[in-house]
Amino acid sequence: MQEKVYFKNSKGQRLVGIIDRDETKATQKLAMIFGNFNSYKDSAKQISLSEFFVSLGFATFRFDYRGRGESEGDISYATFTSGVEDTRAALEFMKNQLWVDINKIGLFGSGLGAAFAVLEAARNSNYKFLVLGAPRAEIRSLYKNADIDDWRENDFYHAKGVNYHISIHDDSLQYDIYKDAKKVEVPTLIVSGDGEDIHLDGQDKKLKKAIKGSDLIVVEECNNMYCAVSKDDALEILKTWLIEKHIIYLESEWISQF
């Protein structure tokens, strides 16, 4: 069953999400999906991920950050901190659902959503898994071609289809994702494509080094881990890893338990 739900972030803005769950079960394990900074809950990527986790017995939750999709706010003034706040609001909302087994929650983050997931796993080691898809740990790489002085003079910089206010740069200076990653104790898988900028920049390798015991798998001939050619390969990698970490079990068929 899919259900559209509404909740508020710390600024009182209404955010919109989609729950996909088996309502015949009294309790269910949950996969939280944190999309990339400019992504939205109804994208093909997030729907595909939701379907994947549902097929393994998870309930899923995906949502629009402020200023995206159906959520309130202005994306131009979004910052990394606002993304963290929205992520935590989503987690609190879902942890208050009576059917969610709060001891069986996993996190999947993509792009900057992966950085949000790292911060959450660093502050709470109770999560069952952490999967980082094409993780953007260096926030500056989102707008690496910007001239900061010109940006500050003009207030806005256009990148990846969005006009970013200079506040996103100033806000990002307080974060060091690699430093926080060293606090993560949750079983972690990092997946990237060999043609993606975060792989070419070495961000995925730096995260693997920072997160003790983490695994890194690079999907070949792909500039996006969800590309048509390699999407199934990436999901098969994720399924195999979940089995190896005893997060899901394979007997005669998929059994949705930890």
# chains A, B, ... in the order shown; residues from 1 in each chain; ligands from 1

$ select_by_dssp --residues "stretch 91-171 of chain A" --states "helix (DSSP H, G or I)" --output "mmCIF file with C-alpha atoms, in the first residue's frame"
data_model
loop_
_atom_site.group_PDB
_atom_site.id
_atom_site.type_symbol
_atom_site.label_atom_id
_atom_site.label_comp_id
_atom_site.auth_asym_id
_atom_site.auth_seq_id
_atom_site.Cartn_x
_atom_site.Cartn_y
_atom_site.Cartn_z
ATOM 1 C CA LEU A 91 13.202 10.213 10.472
ATOM 2 C CA GLU A 92 11.313 11.495 13.504
ATOM 3 C CA PHE A 93 8.040 11.320 11.600
ATOM 4 C CA MET A 94 8.621 7.708 10.607
ATOM 5 C CA LYS A 95 9.914 6.610 14.012
ATOM 6 C CA LEU A 112 24.155 14.774 -1.022
ATOM 7 C CA GLY A 113 21.450 12.595 0.503
ATOM 8 C CA ALA A 114 24.286 10.166 1.244
ATOM 9 C CA ALA A 115 26.051 12.877 3.227
ATOM 10 C CA PHE A 116 22.862 13.463 5.227
ATOM 11 C CA ALA A 117 22.706 9.719 5.902
ATOM 12 C CA VAL A 118 26.341 9.675 7.061
ATOM 13 C CA LEU A 119 25.652 12.440 9.575
ATOM 14 C CA GLU A 120 22.638 10.565 10.927
ATOM 15 C CA ALA A 121 24.518 7.257 11.203
ATOM 16 C CA ALA A 122 27.375 9.081 12.950
ATOM 17 C CA ARG A 123 25.032 10.284 15.697
ATOM 18 C CA ILE A 139 29.661 19.749 -0.671
ATOM 19 C CA ARG A 140 31.866 22.191 -2.554
ATOM 20 C CA SER A 141 32.003 19.757 -5.497
ATOM 21 C CA LEU A 142 28.344 20.538 -6.162
ATOM 22 C CA TYR A 143 29.370 23.985 -7.399
ATOM 23 C CA ILE A 148 33.034 32.561 -4.996
ATOM 24 C CA ASP A 149 33.739 36.301 -5.187
ATOM 25 C CA ASP A 150 31.435 36.718 -8.192
ATOM 26 C CA TRP A 151 28.858 34.514 -6.534
ATOM 27 C CA ARG A 152 28.916 36.608 -3.371
ATOM 28 C CA GLU A 153 28.546 39.795 -5.397
ATOM 29 C CA ASN A 154 25.601 38.443 -7.401
ATOM 30 C CA SER A 167 24.297 30.981 1.808
ATOM 31 C CA ILE A 168 24.666 27.345 0.727
ATOM 32 C CA HIS A 169 28.412 27.885 0.360
ATOM 33 C CA ASP A 170 28.800 29.757 3.653
ATOM 34 C CA ASP A 171 26.710 27.160 5.461
#

$ residues_around --residues "A:Leu98" --least-positions-apart "3" --cutoff "12 Å" --atoms "only C-alpha atoms" --output "ChimeraX atom specification"
/A:23,25-29,93-95,101-102

$ write_last_selection --atoms "C-alpha atoms" --output "tab-separated table (two decimals), in the first residue's frame"
chain	number	residue	atom	x	y	z
A	23	GLU	CA	-0.49	-3.02	5.92
A	25	LYS	CA	1.86	-6.69	9.03
A	26	ALA	CA	1.63	-5.35	12.57
A	27	THR	CA	5.26	-4.22	12.42
A	28	GLN	CA	7.69	-3.88	9.55
A	29	LYS	CA	11.34	-3.05	8.96
A	93	PHE	CA	8.04	11.32	11.60
A	94	MET	CA	8.62	7.71	10.61
A	95	LYS	CA	9.91	6.61	14.01
A	101	ASP	CA	10.11	-1.54	14.06
A	102	ILE	CA	12.51	1.19	15.21

$ atom_distance --atom1 "atom CA of A:Lys8" --atom2 "atom CA of A:Ile177"
25.6 Å

$ closest_residue --among "A:His246, A:Phe80, A:Glu3, A:Leu189" --to "A:Tyr175" --atoms "only C-alpha atoms"
A:Phe80

$ closest_residue --among "A:Lys208, A:His165, A:Arg21, A:Arg68" --to "A:Tyr40" --atoms "only C-alpha atoms"
A:Arg68

$ residues_around --residues "A:Glu51" --least-positions-apart "5" --cutoff "12 Å" --atoms "only C-alpha atoms" --output "JSON, numbers by chain"
{"A": [1, 2, 19, 20, 21, 31, 33, 44, 45, 46, 56, 57, 58, 59, 60, 61, 62, 235]}

$ write_last_selection --atoms "N, CA and C atoms" --output "compact mmCIF listing (two decimals), in the first residue's frame"
# COMPACT_ATOMS: atom_id res chain seq x y z
N MET A 1 0.83 -1.20 0.00
CA MET A 1 0.00 0.00 0.00
C MET A 1 0.87 1.25 0.00
N GLN A 2 0.57 2.17 -0.89
CA GLN A 2 1.25 3.46 -0.90
C GLN A 2 0.34 4.52 -0.29
N ILE A 19 4.86 6.74 1.81
CA ILE A 19 5.10 5.48 2.52
C ILE A 19 4.63 4.34 1.63
N ASP A 20 5.46 3.33 1.52
CA ASP A 20 5.06 2.11 0.81
C ASP A 20 5.26 0.95 1.78
N ARG A 21 4.16 0.30 2.20
CA ARG A 21 4.29 -0.74 3.22
C ARG A 21 3.24 -1.82 3.05
N ALA A 31 13.21 0.96 5.20
CA ALA A 31 14.34 1.55 4.48
C ALA A 31 13.99 3.01 4.19
N ILE A 33 14.82 6.39 2.31
CA ILE A 33 15.51 6.77 1.08
C ILE A 33 15.71 8.29 1.07
N ALA A 44 12.25 8.56 -11.15
CA ALA A 44 12.40 7.15 -11.52
C ALA A 44 13.40 6.44 -10.61
N LYS A 45 14.43 7.14 -10.19
CA LYS A 45 15.45 6.54 -9.33
C LYS A 45 14.86 6.15 -7.98
N GLN A 46 14.14 7.08 -7.36
CA GLN A 46 13.62 6.79 -6.03
C GLN A 46 12.51 5.75 -6.08
N LEU A 56 12.11 -6.93 -1.02
CA LEU A 56 12.88 -7.65 -0.01
C LEU A 56 12.20 -7.63 1.35
N GLY A 57 10.96 -7.15 1.39
CA GLY A 57 10.20 -7.17 2.63
C GLY A 57 10.26 -5.92 3.47
N PHE A 58 10.92 -4.88 2.97
CA PHE A 58 10.98 -3.61 3.69
C PHE A 58 9.77 -2.74 3.38
N ALA A 59 9.37 -1.93 4.33
CA ALA A 59 8.57 -0.75 4.02
C ALA A 59 9.56 0.33 3.61
N THR A 60 9.12 1.32 2.85
CA THR A 60 10.02 2.40 2.45
C THR A 60 9.40 3.76 2.69
N PHE A 61 10.27 4.74 2.80
CA PHE A 61 9.81 6.13 2.89
C PHE A 61 10.72 7.01 2.06
N ARG A 62 10.14 7.79 1.17
CA ARG A 62 10.86 8.75 0.35
C ARG A 62 10.10 10.07 0.40
N LEU A 235 21.75 -2.93 -8.22
CA LEU A 235 20.78 -3.46 -7.26
C LEU A 235 21.13 -4.89 -6.86

$ closest_residue --among "A:Asn38, A:Ser71, A:Ser214, A:Gln97" --to "A:Val186" --atoms "only C-alpha atoms"
A:Ser214

$ closest_residue --among "A:Leu130, A:Ile166, A:Asn36, A:Asp194" --to "A:Ala146" --atoms "only C-alpha atoms"
A:Ile166

$ residues_around --residues "A:Arg14" --least-positions-apart "6" --cutoff "9 Å" --atoms "only C-alpha atoms" --output "number ranges by chain"
A: 6-8, 66, 70-73

$ residues_around --residues "A:His199" --least-positions-apart "2" --cutoff "12 Å" --atoms "only C-alpha atoms" --output "PyMOL selection string"
chain A and resi 111+133-138+141+190-197+201-208+216-220+222-225

$ closest_residue --among "A:Asn96, A:Lys209, A:Val131, A:Asp180" --to "A:Trp241" --atoms "only C-alpha atoms"
A:Val131

$ select_by_dssp --residues "stretch 47-107 of chain A" --states "strand (DSSP E or B)" --output "PyMOL selection string"
chain A and resi 59-63+100-107

$ write_last_selection --atoms "N, CA and C atoms" --output "compact mmCIF listing (two decimals), in the first residue's frame"
# COMPACT_ATOMS: atom_id res chain seq x y z
N ALA A 59 9.37 -1.93 4.33
CA ALA A 59 8.57 -0.75 4.02
C ALA A 59 9.56 0.33 3.61
N THR A 60 9.12 1.32 2.85
CA THR A 60 10.02 2.40 2.45
C THR A 60 9.40 3.76 2.69
N PHE A 61 10.27 4.74 2.80
CA PHE A 61 9.81 6.13 2.89
C PHE A 61 10.72 7.01 2.06
N ARG A 62 10.14 7.79 1.17
CA ARG A 62 10.86 8.75 0.35
C ARG A 62 10.10 10.07 0.40
N PHE A 63 10.80 11.18 0.32
CA PHE A 63 10.14 12.47 0.52
C PHE A 63 10.83 13.56 -0.28
N VAL A 100 6.23 0.80 12.60
CA VAL A 100 7.65 0.74 12.27
C VAL A 100 8.43 0.09 13.41
N ASP A 101 9.20 -0.94 13.09
CA ASP A 101 10.11 -1.54 14.06
C ASP A 101 11.34 -0.65 14.12
N ILE A 102 11.44 0.17 15.15
CA ILE A 102 12.51 1.19 15.21
C ILE A 102 13.88 0.56 15.37
N ASN A 103 13.93 -0.73 15.67
CA ASN A 103 15.21 -1.41 15.78
C ASN A 103 15.66 -2.02 14.45
N LYS A 104 14.85 -1.83 13.42
CA LYS A 104 15.16 -2.40 12.11
C LYS A 104 14.98 -1.36 11.01
N ILE A 105 15.69 -0.26 11.16
CA ILE A 105 15.64 0.83 10.18
C ILE A 105 16.99 0.93 9.48
N GLY A 106 16.97 0.97 8.15
CA GLY A 106 18.18 1.16 7.37
C GLY A 106 18.12 2.45 6.58
N LEU A 107 19.27 2.98 6.22
CA LEU A 107 19.35 4.26 5.51
C LEU A 107 19.99 4.07 4.14

$ atom_distance --atom1 "atom CA of A:Lys179" --atom2 "atom CA of A:Gly83"
18.5 Å

$ residues_around --residues "A:Glu85" --least-positions-apart "4" --cutoff "9 Å" --atoms "only C-alpha atoms" --output "short mmCIF file (atom, residue, chain, number, x, y, z; two decimals) with C-alpha atoms, in the first residue's frame"
data_model
loop_
_atom_site.label_atom_id
_atom_site.label_comp_id
_atom_site.auth_asym_id
_atom_site.auth_seq_id
_atom_site.Cartn_x
_atom_site.Cartn_y
_atom_site.Cartn_z
CA ASN A 9 10.34 20.42 9.34
CA SER A 10 11.95 22.52 12.07
CA LYS A 11 10.94 25.72 10.23
CA PHE A 80 23.16 21.73 3.52
CA THR A 81 21.82 22.42 7.02
CA ALA A 89 12.24 15.59 10.45
CA ALA A 90 11.51 12.67 8.11
#

$ atom_distance --atom1 "atom CA of A:His158" --atom2 "atom CA of A:Thr87"
24.2 Å
